[in-house]
>>> print(open('target-v1.txt').read())   # compact mmCIF, C-alpha atoms (C1' of nucleotides)
# COMPACT_ATOMS: atom_id res chain seq x y z
CA MET O 1 -46.43 22.72 -76.19
CA ARG O 2 -47.58 20.53 -73.33
CA ILE O 3 -47.21 16.75 -73.62
CA ALA O 4 -48.56 14.30 -71.04
CA THR O 5 -48.41 10.53 -70.64
CA TRP O 6 -50.75 8.41 -68.53
CA ASN O 7 -51.36 4.74 -67.98
CA ILE O 8 -55.10 5.10 -67.58
CA ASN O 9 -55.90 1.45 -66.67
CA SER O 10 -59.06 1.24 -68.80
CA VAL O 11 -60.18 4.36 -70.64
CA ARG O 12 -63.83 3.44 -70.20
CA GLN O 13 -63.51 3.17 -66.42
CA ARG O 14 -61.54 6.41 -66.27
CA LEU O 15 -63.37 8.63 -68.75
CA ASP O 16 -64.48 11.21 -66.16
CA CYS O 17 -60.92 11.48 -64.80
CA LEU O 18 -59.58 11.84 -68.33
CA ILE O 19 -62.04 14.56 -69.33
CA GLY O 20 -61.31 16.47 -66.12
CA TYR O 21 -57.59 16.23 -66.78
CA LEU O 22 -57.89 17.39 -70.38
CA ARG O 23 -60.01 20.36 -69.26
CA ASP O 24 -57.86 21.37 -66.27
CA THR O 25 -54.35 20.65 -67.53
CA ALA O 26 -55.01 21.07 -71.24
CA PRO O 27 -52.14 19.05 -72.71
CA ASP O 28 -51.64 19.64 -76.43
CA ILE O 29 -50.74 15.97 -76.76
CA MET O 30 -51.82 13.15 -74.47
CA CYS O 31 -50.26 9.68 -74.65
CA LEU O 32 -52.42 6.95 -73.12
CA GLN O 33 -51.57 3.37 -72.20
CA GLU O 34 -53.69 0.40 -71.11
CA ILE O 35 -56.85 1.68 -72.74
CA LYS O 36 -58.03 -1.97 -72.50
CA CYS O 37 -60.45 -1.81 -75.40
CA VAL O 38 -60.67 -2.28 -79.13
CA ASP O 39 -60.52 0.81 -81.35
CA GLU O 40 -64.29 0.79 -81.91
CA ALA O 41 -64.94 0.97 -78.15
CA PHE O 42 -62.71 3.99 -77.50
CA PRO O 43 -64.79 7.01 -76.31
CA ARG O 44 -63.76 8.98 -79.35
CA ILE O 45 -66.78 11.31 -79.52
CA GLU O 46 -66.28 12.59 -75.97
CA ILE O 47 -62.59 13.31 -76.55
CA GLU O 48 -63.07 14.89 -79.96
CA ALA O 49 -65.66 17.19 -78.38
CA LEU O 50 -62.81 18.69 -76.33
CA GLY O 51 -60.92 19.56 -79.49
CA TYR O 52 -58.62 16.58 -79.80
CA ASN O 53 -57.69 14.42 -82.73
CA VAL O 54 -57.67 10.75 -81.73
CA GLU O 55 -55.56 7.83 -82.95
CA THR O 56 -55.78 4.48 -81.21
CA HIS O 57 -54.06 1.11 -81.32
CA GLY O 58 -56.31 -1.05 -79.19
CA GLN O 59 -56.98 -4.72 -78.59
CA LYS O 60 -59.55 -6.72 -76.68
CA THR O 61 -59.22 -6.85 -72.88
CA PHE O 62 -55.54 -5.97 -72.45
CA ASN O 63 -52.94 -3.33 -73.33
CA GLY O 64 -53.85 -0.76 -75.98
CA VAL O 65 -52.34 2.70 -76.54
CA ALA O 66 -53.62 6.00 -77.92
CA LEU O 67 -52.56 9.48 -78.95
CA LEU O 68 -54.77 12.53 -78.41
CA SER O 69 -53.66 15.79 -79.98
CA LYS O 70 -54.97 19.29 -80.51
CA PHE O 71 -52.78 19.36 -83.63
CA PRO O 72 -53.23 17.06 -86.61
CA LEU O 73 -51.66 13.59 -86.30
CA GLU O 74 -49.88 12.34 -89.40
CA ASP O 75 -47.79 9.33 -90.47
CA VAL O 76 -49.36 7.17 -87.76
CA ARG O 77 -47.40 4.00 -87.01
CA ARG O 78 -48.99 1.14 -85.05
CA GLY O 79 -46.64 -1.42 -83.55
CA LEU O 80 -42.84 -1.41 -83.46
CA PRO O 81 -41.10 -2.02 -86.78
CA GLY O 82 -39.40 -5.40 -86.95
CA ASN O 83 -41.81 -6.77 -84.36
CA ASP O 84 -44.60 -7.88 -86.70
CA GLU O 85 -45.22 -11.15 -84.87
CA ASP O 86 -46.11 -9.18 -81.71
CA GLY O 87 -49.87 -9.52 -81.21
CA GLN O 88 -49.93 -7.08 -78.30
CA ALA O 89 -50.93 -3.43 -78.89
CA ARG O 90 -48.18 -1.52 -77.10
CA TYR O 91 -46.88 1.16 -79.47
CA ILE O 92 -48.34 4.03 -81.47
CA GLU O 93 -46.39 6.89 -83.00
CA ALA O 94 -47.31 9.93 -85.05
CA VAL O 95 -45.97 13.19 -86.39
CA VAL O 96 -47.60 16.29 -84.96
CA SER O 97 -47.55 19.33 -87.20
CA THR O 98 -47.33 22.69 -85.48
CA LYS O 99 -46.74 26.12 -86.90
CA ASN O 100 -43.21 25.90 -85.48
CA GLY O 101 -42.43 22.62 -87.23
CA ALA O 102 -42.91 18.92 -86.78
CA LEU O 103 -42.67 16.91 -83.60
CA ARG O 104 -42.73 13.12 -83.40
CA VAL O 105 -44.45 11.50 -80.43
CA ALA O 106 -44.89 7.87 -79.39
CA SER O 107 -47.12 6.33 -76.73
CA ILE O 108 -45.40 3.25 -75.30
CA TYR O 109 -46.64 0.46 -73.06
CA LEU O 110 -43.57 -1.63 -72.38
CA PRO O 111 -44.22 -5.20 -71.16
CA ASN O 112 -44.23 -5.81 -67.43
CA GLY O 113 -42.07 -8.93 -67.61
CA ASN O 114 -43.23 -10.73 -64.45
CA PRO O 115 -42.91 -13.51 -63.46
CA VAL O 116 -39.25 -13.42 -64.45
CA ASP O 117 -38.88 -17.21 -64.70
CA THR O 118 -41.43 -17.37 -67.53
CA ASP O 119 -41.27 -16.35 -71.18
CA LYS O 120 -42.70 -12.97 -70.14
CA TYR O 121 -39.30 -11.69 -69.10
CA PRO O 122 -37.46 -12.50 -72.35
CA TYR O 123 -40.45 -10.97 -74.16
CA LYS O 124 -39.90 -7.76 -72.21
CA ILE O 125 -36.17 -7.63 -72.96
CA SER O 126 -36.77 -8.44 -76.62
CA TRP O 127 -39.39 -5.69 -76.83
CA MET O 128 -36.94 -3.21 -75.28
CA GLU O 129 -34.32 -4.17 -77.86
CA HIS O 130 -36.79 -3.59 -80.68
CA LEU O 131 -37.61 -0.21 -79.14
CA ARG O 132 -33.92 0.70 -78.91
CA ALA O 133 -33.34 -0.24 -82.57
CA HIS O 134 -36.31 1.89 -83.64
CA ALA O 135 -35.26 4.81 -81.43
CA GLN O 136 -31.81 4.69 -82.99
CA ASN O 137 -33.37 5.09 -86.45
CA LEU O 138 -35.67 7.90 -85.29
CA LEU O 139 -32.75 9.79 -83.74
CA CYS O 140 -31.06 9.83 -87.15
CA LEU O 141 -33.87 12.16 -88.27
CA GLU O 142 -32.49 14.83 -85.90
CA GLU O 143 -35.94 16.15 -85.04
CA PRO O 144 -37.82 16.82 -81.82
CA LEU O 145 -38.91 13.37 -80.59
CA VAL O 146 -40.76 12.37 -77.43
CA LEU O 147 -40.97 8.69 -76.48
CA ALA O 148 -43.51 8.73 -73.67
CA GLY O 149 -45.22 6.01 -71.73
CA ASP O 150 -45.27 3.30 -69.13
CA TYR O 151 -41.81 1.77 -69.45
CA ASN O 152 -42.28 -0.65 -66.55
CA VAL O 153 -38.70 0.18 -65.58
CA ILE O 154 -37.51 1.58 -62.24
CA PRO O 155 -34.34 3.29 -63.48
CA GLN O 156 -32.54 3.68 -60.15
CA ALA O 157 -32.84 2.63 -56.52
CA ARG O 158 -34.08 6.07 -55.54
CA ASP O 159 -37.00 5.66 -57.95
CA CYS O 160 -38.75 3.25 -55.58
CA TYR O 161 -39.77 3.23 -51.97
CA ASP O 162 -37.68 0.21 -50.99
CA PRO O 163 -35.14 -1.25 -53.45
CA ASN O 164 -35.00 -4.50 -51.46
CA VAL O 165 -38.66 -5.16 -52.21
CA TRP O 166 -38.05 -4.77 -55.94
CA ALA O 167 -34.65 -6.47 -56.18
CA ASN O 168 -35.90 -9.58 -57.99
CA ASP O 169 -38.74 -7.94 -59.87
CA ALA O 170 -38.81 -7.58 -63.67
CA LEU O 171 -39.14 -3.80 -63.24
CA PHE O 172 -35.83 -3.50 -61.39
CA LEU O 173 -33.58 -6.43 -62.34
CA PRO O 174 -30.07 -5.38 -63.43
CA GLN O 175 -30.74 -6.58 -66.99
CA THR O 176 -33.88 -4.43 -67.16
CA ARG O 177 -32.07 -1.32 -65.96
CA LEU O 178 -29.05 -1.94 -68.19
CA THR O 179 -31.26 -2.33 -71.24
CA PHE O 180 -33.12 0.86 -70.33
CA GLN O 181 -29.79 2.62 -69.84
CA SER O 182 -28.66 1.47 -73.28
CA LEU O 183 -31.75 3.21 -74.67
CA LEU O 184 -30.84 6.42 -72.84
CA ASN O 185 -27.26 6.06 -74.04
CA LEU O 186 -28.40 6.60 -77.62
CA GLY O 187 -28.74 10.23 -76.56
CA LEU O 188 -32.19 10.38 -74.99
CA THR O 189 -32.95 12.54 -71.95
CA ASP O 190 -35.18 11.45 -69.06
CA ALA O 191 -37.28 14.62 -68.90
CA LEU O 192 -38.33 14.31 -65.27
CA ARG O 193 -34.77 13.83 -64.05
CA ALA O 194 -33.54 16.70 -66.20
CA CYS O 195 -35.86 19.01 -64.25
CA ASN O 196 -36.21 17.39 -60.84
CA ASP O 197 -33.52 15.79 -58.69
CA GLU O 198 -35.78 14.99 -55.75
CA ASP O 199 -36.27 11.51 -54.34
CA LYS O 200 -39.73 9.95 -53.92
CA THR O 201 -40.95 11.28 -57.24
CA TYR O 202 -43.24 8.38 -58.02
CA THR O 203 -45.76 7.76 -60.80
CA PHE O 204 -47.35 4.49 -59.63
CA TRP O 205 -48.82 3.29 -56.35
CA ASP O 206 -50.31 -0.20 -56.08
CA TYR O 207 -53.99 -0.46 -55.25
CA GLN O 208 -53.10 -3.01 -52.56
CA ALA O 209 -51.87 -2.79 -48.99
CA GLY O 210 -52.45 0.94 -48.62
CA ALA O 211 -49.53 1.74 -50.91
CA TRP O 212 -50.84 5.23 -51.73
CA PRO O 213 -51.35 6.58 -48.19
CA LYS O 214 -47.99 5.08 -47.18
CA ASN O 215 -46.33 6.54 -50.30
CA TRP O 216 -44.98 3.15 -51.33
CA GLY O 217 -44.56 4.22 -54.93
CA ILE O 218 -42.30 3.66 -57.91
CA ARG O 219 -41.31 5.84 -60.88
CA ILE O 220 -41.92 3.85 -64.07
CA ASP O 221 -43.66 6.34 -66.40
CA HIS O 222 -41.15 8.31 -68.42
CA LEU O 223 -40.82 10.85 -71.22
CA LEU O 224 -37.57 10.35 -73.13
CA LEU O 225 -36.46 13.22 -75.35
CA SER O 226 -34.22 13.50 -78.40
CA PRO O 227 -31.57 16.26 -78.17
CA GLN O 228 -33.76 18.51 -80.35
CA ALA O 229 -36.65 18.08 -77.89
CA ALA O 230 -34.46 18.29 -74.78
CA ASP O 231 -33.18 21.68 -75.98
CA LYS O 232 -36.77 22.92 -75.74
CA LEU O 233 -37.60 21.41 -72.34
CA GLN O 234 -39.01 23.96 -69.91
CA ASN O 235 -40.31 21.79 -67.08
CA ALA O 236 -41.58 18.36 -66.10
CA HIS O 237 -44.27 17.55 -63.59
CA ILE O 238 -45.94 14.53 -62.02
CA ASP O 239 -49.67 15.07 -61.51
CA LYS O 240 -49.71 13.22 -58.21
CA ASN O 241 -53.10 14.63 -57.20
CA MET O 242 -54.72 12.34 -59.77
CA ARG O 243 -54.02 9.35 -57.50
CA ALA O 244 -56.28 10.84 -54.80
CA LEU O 245 -59.42 11.03 -56.98
CA GLU O 246 -62.40 8.70 -56.77
CA LYS O 247 -61.75 5.53 -58.78
CA PRO O 248 -58.18 6.49 -59.70
CA SER O 249 -55.81 4.71 -62.03
CA ASP O 250 -52.87 3.19 -60.16
CA HIS O 251 -50.64 5.42 -62.34
CA VAL O 252 -50.70 9.22 -62.50
CA PRO O 253 -49.98 11.44 -65.52
CA VAL O 254 -46.51 12.87 -66.12
CA ARG O 255 -46.21 15.97 -68.28
CA ILE O 256 -43.66 18.28 -69.82
CA ASP O 257 -43.72 21.69 -71.42
CA LEU O 258 -41.61 22.31 -74.51
CA SER O 259 -40.94 25.76 -75.98
CA LEU O 260 -42.35 24.68 -79.30
C1' DA V 261 -45.37 -5.13 -48.84
C1' DT V 262 -48.74 -8.33 -50.85
C1' DG V 263 -55.23 -11.52 -47.70
C1' DG V 264 -56.16 -6.92 -48.01
C1' DC V 265 -57.02 -3.88 -55.26
C1' DG V 266 -59.11 -3.50 -59.51
C1' DG V 267 -59.85 -4.28 -64.67
C1' DT V 268 -61.76 -7.72 -68.33
C1' DG V 269 -64.85 -11.17 -69.94
C1' DG V 270 -68.95 -13.01 -68.97
C1' DA V 271 -71.99 -14.39 -65.52
C1' DG V 272 -67.69 -18.32 -61.95
C1' DC V 273 -63.68 -17.02 -61.18
C1' DA V 274 -59.25 -17.12 -63.88
C1' DC V 275 -56.03 -14.06 -65.62
C1' DC V 276 -53.44 -9.86 -65.68
C1' DG V 277 -51.04 -6.07 -63.69
C1' DA V 278 -46.57 -4.01 -60.86
>>> encode(input="target-v1.txt", output="structure tokens")
Amino acid sequence: MRIATWNINSVRQRLDCLIGYLRDTAPDIMCLQEIKCVDEAFPRIEIEALGYNVETHGQKTFNGVALLSKFPLEDVRRGLPGNDEDGQARYIEAVVSTKNGALRVASIYLPNGNPVDTDKYPYKISWMEHLRAHAQNLLCLEEPLVLAGDYNVIPQARDCYDPNVWANDALFLPQTRLTFQSLLNLGLTDALRACNDEDKTYTFWDYQAGAWPKNWGIRIDHLLLSPQAADKLQNAHIDKNMRALEKPSDHVPVRIDLSL
DNA sequence: ATGGCGGTGGAGCACCGA
């Protein structure tokens, strides 16, 4: 069972990249963020032609998340429970039925939170607290669970090129990292770190200032696993080559293999 | 490290992202 997550930065601009990735890497489940379109505008036909079921939670212009799966998607949840006043499409979850049992997967686009002296930062922290509360409930189910997406959190200093540059940024502020850690402390495993202890394992490089050729990256895209999923973890990989394509997203996919 | 990119909407350029 291969599960990938990718902030695609507009699915319509990136359709060729996406189709190539689905063909070459063949994830069973693909979690997308920043599709930047309404549900009706999602290139559903093209993706279904590759053998995927498609569930979207889109909105006009900004945000938007989706789940693609070779297995049927059931019990689809759009939006975080207890966050009904949130007009931003940042969360979609579903149960994937396989012959070896059920697996629950969510595609998450956590708010950026900048600038930190505006209401965007408290919105980010509040959103993280809603996510933690929901994760706590899901963990009670004691089933394989993968919470994958763009968390907009740099967990540790070694997850960015220069911690001094990010010191006052919403992605790296102590409160951001502590709130993320409190999510992990529920018993979730950061899949990449469970498999790879190397530094400079980045998932995002800014379009500006030659960040990619200079390897000025950050690691903000994560797959968090319940104990029942972590027990099945075989490997985790960052598809860094995707940043070198024509018209790339500024994020690259991250993927795991589970023995499921 | 930030002028320097790139997406959206709409037909200029503001807004957003990280």
>>> closest_residue(input="target-v1.txt", among="O:Cys17, O:Leu138, O:Leu147, O:Leu50", to="Ile92 of chain O", atoms="only C-alpha atoms")
O:Leu147
>>> atom_distance(input="target-v1.txt", atom1="atom CA of Asp239 of chain O", atom2="atom CA of Arg219 of chain O")
12.5 Å
>>> atom_distance(input="target-v1.txt", atom1="atom CA of Gly187 of chain O", atom2="atom CA of Leu233 of chain O")
14.9 Å
>>> residues_around(input="target-v1.txt", residues="Asn100 of chain O", least_positions_apart="4", cutoff="12 Å", atoms="all atoms listed in the file", output="number ranges by chain")
O: 1, 71, 96, 144, 258-260
>>> closest_residue(input="target-v1.txt", among="O:Asp39, O:Glu34, O:Glu46, O:Asp86", to="chain V", atoms="all atoms listed in the file")
O:Glu34
>>> atom_distance(input="target-v1.txt", atom1="atom CA of Gly113 of chain O", atom2="atom CA of Arg177 of chain O")
12.7 Å
>>> closest_atom_pairs(input="target-v1.txt", of="chain V", to="chain O", cutoff="9 Å", atoms="only C-alpha atoms (C1' of nucleotides)", output="CSV")
residue,atom,partner,partner_atom,distance
V:DA261,C1',O:Ala209,CA,6.9
V:DT262,C1',O:Ala209,CA,6.6
V:DG264,C1',O:Ala209,CA,6.0
V:DC265,C1',O:Tyr207,CA,4.6
V:DG266,C1',O:Tyr207,CA,7.3
V:DG267,C1',O:Ser10,CA,6.9
V:DT268,C1',O:Thr61,CA,5.3
V:DG269,C1',O:Thr61,CA,7.7
V:DC276,C1',O:Phe62,CA,8.1
V:DG277,C1',O:Asn112,CA,7.8
V:DA278,C1',O:Asp206,CA,7.2
>>> build_atoms(input="target-v1.txt", residues="segment 66-99 of chain O", atoms="N, CA and C atoms", output="mmCIF file, in the frame of the given file")
data_model
loop_
_atom_site.group_PDB
_atom_site.id
_atom_site.type_symbol
_atom_site.label_atom_id
_atom_site.label_comp_id
_atom_site.auth_asym_id
_atom_site.auth_seq_id
_atom_site.Cartn_x
_atom_site.Cartn_y
_atom_site.Cartn_z
ATOM 1 N N ALA O 66 -52.934 4.978 -77.128
ATOM 2 C CA ALA O 66 -53.620 6.000 -77.920
ATOM 3 C C ALA O 66 -52.854 7.305 -77.874
ATOM 4 N N LEU O 67 -53.096 8.117 -78.899
ATOM 5 C CA LEU O 67 -52.560 9.480 -78.950
ATOM 6 C C LEU O 67 -53.739 10.440 -79.129
ATOM 7 N N LEU O 68 -53.792 11.456 -78.281
ATOM 8 C CA LEU O 68 -54.770 12.530 -78.410
ATOM 9 C C LEU O 68 -53.985 13.806 -78.692
ATOM 10 N N SER O 69 -54.443 14.597 -79.646
ATOM 11 C CA SER O 69 -53.660 15.790 -79.980
ATOM 12 C C SER O 69 -54.548 16.920 -80.478
ATOM 13 N N LYS O 70 -54.266 18.116 -80.007
ATOM 14 C CA LYS O 70 -54.970 19.290 -80.510
ATOM 15 C C LYS O 70 -54.486 19.661 -81.908
ATOM 16 N N PHE O 71 -53.309 19.150 -82.284
ATOM 17 C CA PHE O 71 -52.780 19.360 -83.630
ATOM 18 C C PHE O 71 -53.018 18.102 -84.453
ATOM 19 N N PRO O 72 -53.022 18.238 -85.767
ATOM 20 C CA PRO O 72 -53.230 17.060 -86.610
ATOM 21 C C PRO O 72 -52.160 16.005 -86.369
ATOM 22 N N LEU O 73 -52.573 14.730 -86.440
ATOM 23 C CA LEU O 73 -51.660 13.590 -86.300
ATOM 24 C C LEU O 73 -51.461 12.961 -87.671
ATOM 25 N N GLU O 74 -50.203 12.864 -88.078
ATOM 26 C CA GLU O 74 -49.880 12.340 -89.400
ATOM 27 C C GLU O 74 -48.883 11.187 -89.298
ATOM 28 N N ASP O 75 -48.762 10.437 -90.399
ATOM 29 C CA ASP O 75 -47.790 9.330 -90.470
ATOM 30 C C ASP O 75 -47.907 8.408 -89.257
ATOM 31 N N VAL O 76 -49.123 7.986 -88.956
ATOM 32 C CA VAL O 76 -49.360 7.170 -87.760
ATOM 33 C C VAL O 76 -48.777 5.776 -87.958
ATOM 34 N N ARG O 77 -47.989 5.328 -86.973
ATOM 35 C CA ARG O 77 -47.400 4.000 -87.010
ATOM 36 C C ARG O 77 -47.944 3.192 -85.826
ATOM 37 N N ARG O 78 -48.473 2.022 -86.103
ATOM 38 C CA ARG O 78 -48.990 1.140 -85.050
ATOM 39 C C ARG O 78 -48.116 -0.087 -84.932
ATOM 40 N N GLY O 79 -47.554 -0.311 -83.755
ATOM 41 C CA GLY O 79 -46.640 -1.420 -83.550
ATOM 42 C C GLY O 79 -45.210 -1.020 -83.864
ATOM 43 N N LEU O 80 -44.255 -1.696 -83.227
ATOM 44 C CA LEU O 80 -42.840 -1.410 -83.460
ATOM 45 C C LEU O 80 -42.382 -2.080 -84.739
ATOM 46 N N PRO O 81 -41.633 -1.379 -85.575
ATOM 47 C CA PRO O 81 -41.100 -2.020 -86.780
ATOM 48 C C PRO O 81 -40.179 -3.180 -86.411
ATOM 49 N N GLY O 82 -40.221 -4.227 -87.211
ATOM 50 C CA GLY O 82 -39.400 -5.400 -86.950
ATOM 51 C C GLY O 82 -39.978 -6.303 -85.882
ATOM 52 N N ASN O 83 -41.187 -5.990 -85.432
ATOM 53 C CA ASN O 83 -41.810 -6.770 -84.360
ATOM 54 C C ASN O 83 -43.207 -7.218 -84.815
ATOM 55 N N ASP O 84 -43.297 -7.622 -86.088
ATOM 56 C CA ASP O 84 -44.600 -7.880 -86.700
ATOM 57 C C ASP O 84 -45.338 -9.063 -86.078
ATOM 58 N N GLU O 85 -44.586 -9.976 -85.485
ATOM 59 C CA GLU O 85 -45.220 -11.150 -84.870
ATOM 60 C C GLU O 85 -45.831 -10.830 -83.505
ATOM 61 N N ASP O 86 -45.604 -9.595 -83.028
ATOM 62 C CA ASP O 86 -46.110 -9.180 -81.710
ATOM 63 C C ASP O 86 -47.607 -8.893 -81.816
ATOM 64 N N GLY O 87 -48.426 -9.723 -81.168
ATOM 65 C CA GLY O 87 -49.870 -9.520 -81.210
ATOM 66 C C GLY O 87 -50.384 -8.535 -80.184
ATOM 67 N N GLN O 88 -49.502 -7.955 -79.381
ATOM 68 C CA GLN O 88 -49.930 -7.080 -78.300
ATOM 69 C C GLN O 88 -49.794 -5.614 -78.709
ATOM 70 N N ALA O 89 -50.870 -4.841 -78.461
ATOM 71 C CA ALA O 89 -50.930 -3.430 -78.890
ATOM 72 C C ALA O 89 -50.250 -2.561 -77.846
ATOM 73 N N ARG O 90 -48.986 -2.231 -78.095
ATOM 74 C CA ARG O 90 -48.180 -1.520 -77.100
ATOM 75 C C ARG O 90 -47.462 -0.291 -77.636
ATOM 76 N N TYR O 91 -47.657 0.045 -78.902
ATOM 77 C CA TYR O 91 -46.880 1.160 -79.470
ATOM 78 C C TYR O 91 -47.690 1.889 -80.530
ATOM 79 N N ILE O 92 -47.775 3.193 -80.399
ATOM 80 C CA ILE O 92 -48.340 4.030 -81.470
ATOM 81 C C ILE O 92 -47.526 5.309 -81.545
ATOM 82 N N GLU O 93 -47.260 5.728 -82.767
ATOM 83 C CA GLU O 93 -46.390 6.890 -83.000
ATOM 84 C C GLU O 93 -47.015 7.742 -84.097
ATOM 85 N N ALA O 94 -46.806 9.048 -84.013
ATOM 86 C CA ALA O 94 -47.310 9.930 -85.050
ATOM 87 C C ALA O 94 -46.478 11.198 -85.109
ATOM 88 N N VAL O 95 -46.591 11.883 -86.229
ATOM 89 C CA VAL O 95 -45.970 13.190 -86.390
ATOM 90 C C VAL O 95 -47.028 14.255 -86.152
ATOM 91 N N VAL O 96 -46.703 15.204 -85.289
ATOM 92 C CA VAL O 96 -47.600 16.290 -84.960
ATOM 93 C C VAL O 96 -47.096 17.548 -85.667
ATOM 94 N N SER O 97 -47.946 18.128 -86.468
ATOM 95 C CA SER O 97 -47.550 19.330 -87.200
ATOM 96 C C SER O 97 -47.983 20.567 -86.442
ATOM 97 N N THR O 98 -47.022 21.413 -86.117
ATOM 98 C CA THR O 98 -47.330 22.690 -85.480
ATOM 99 C C THR O 98 -46.824 23.801 -86.390
ATOM 100 N N LYS O 99 -47.193 25.013 -86.070
ATOM 101 C CA LYS O 99 -46.740 26.120 -86.900
ATOM 102 C C LYS O 99 -45.234 26.350 -86.758
#
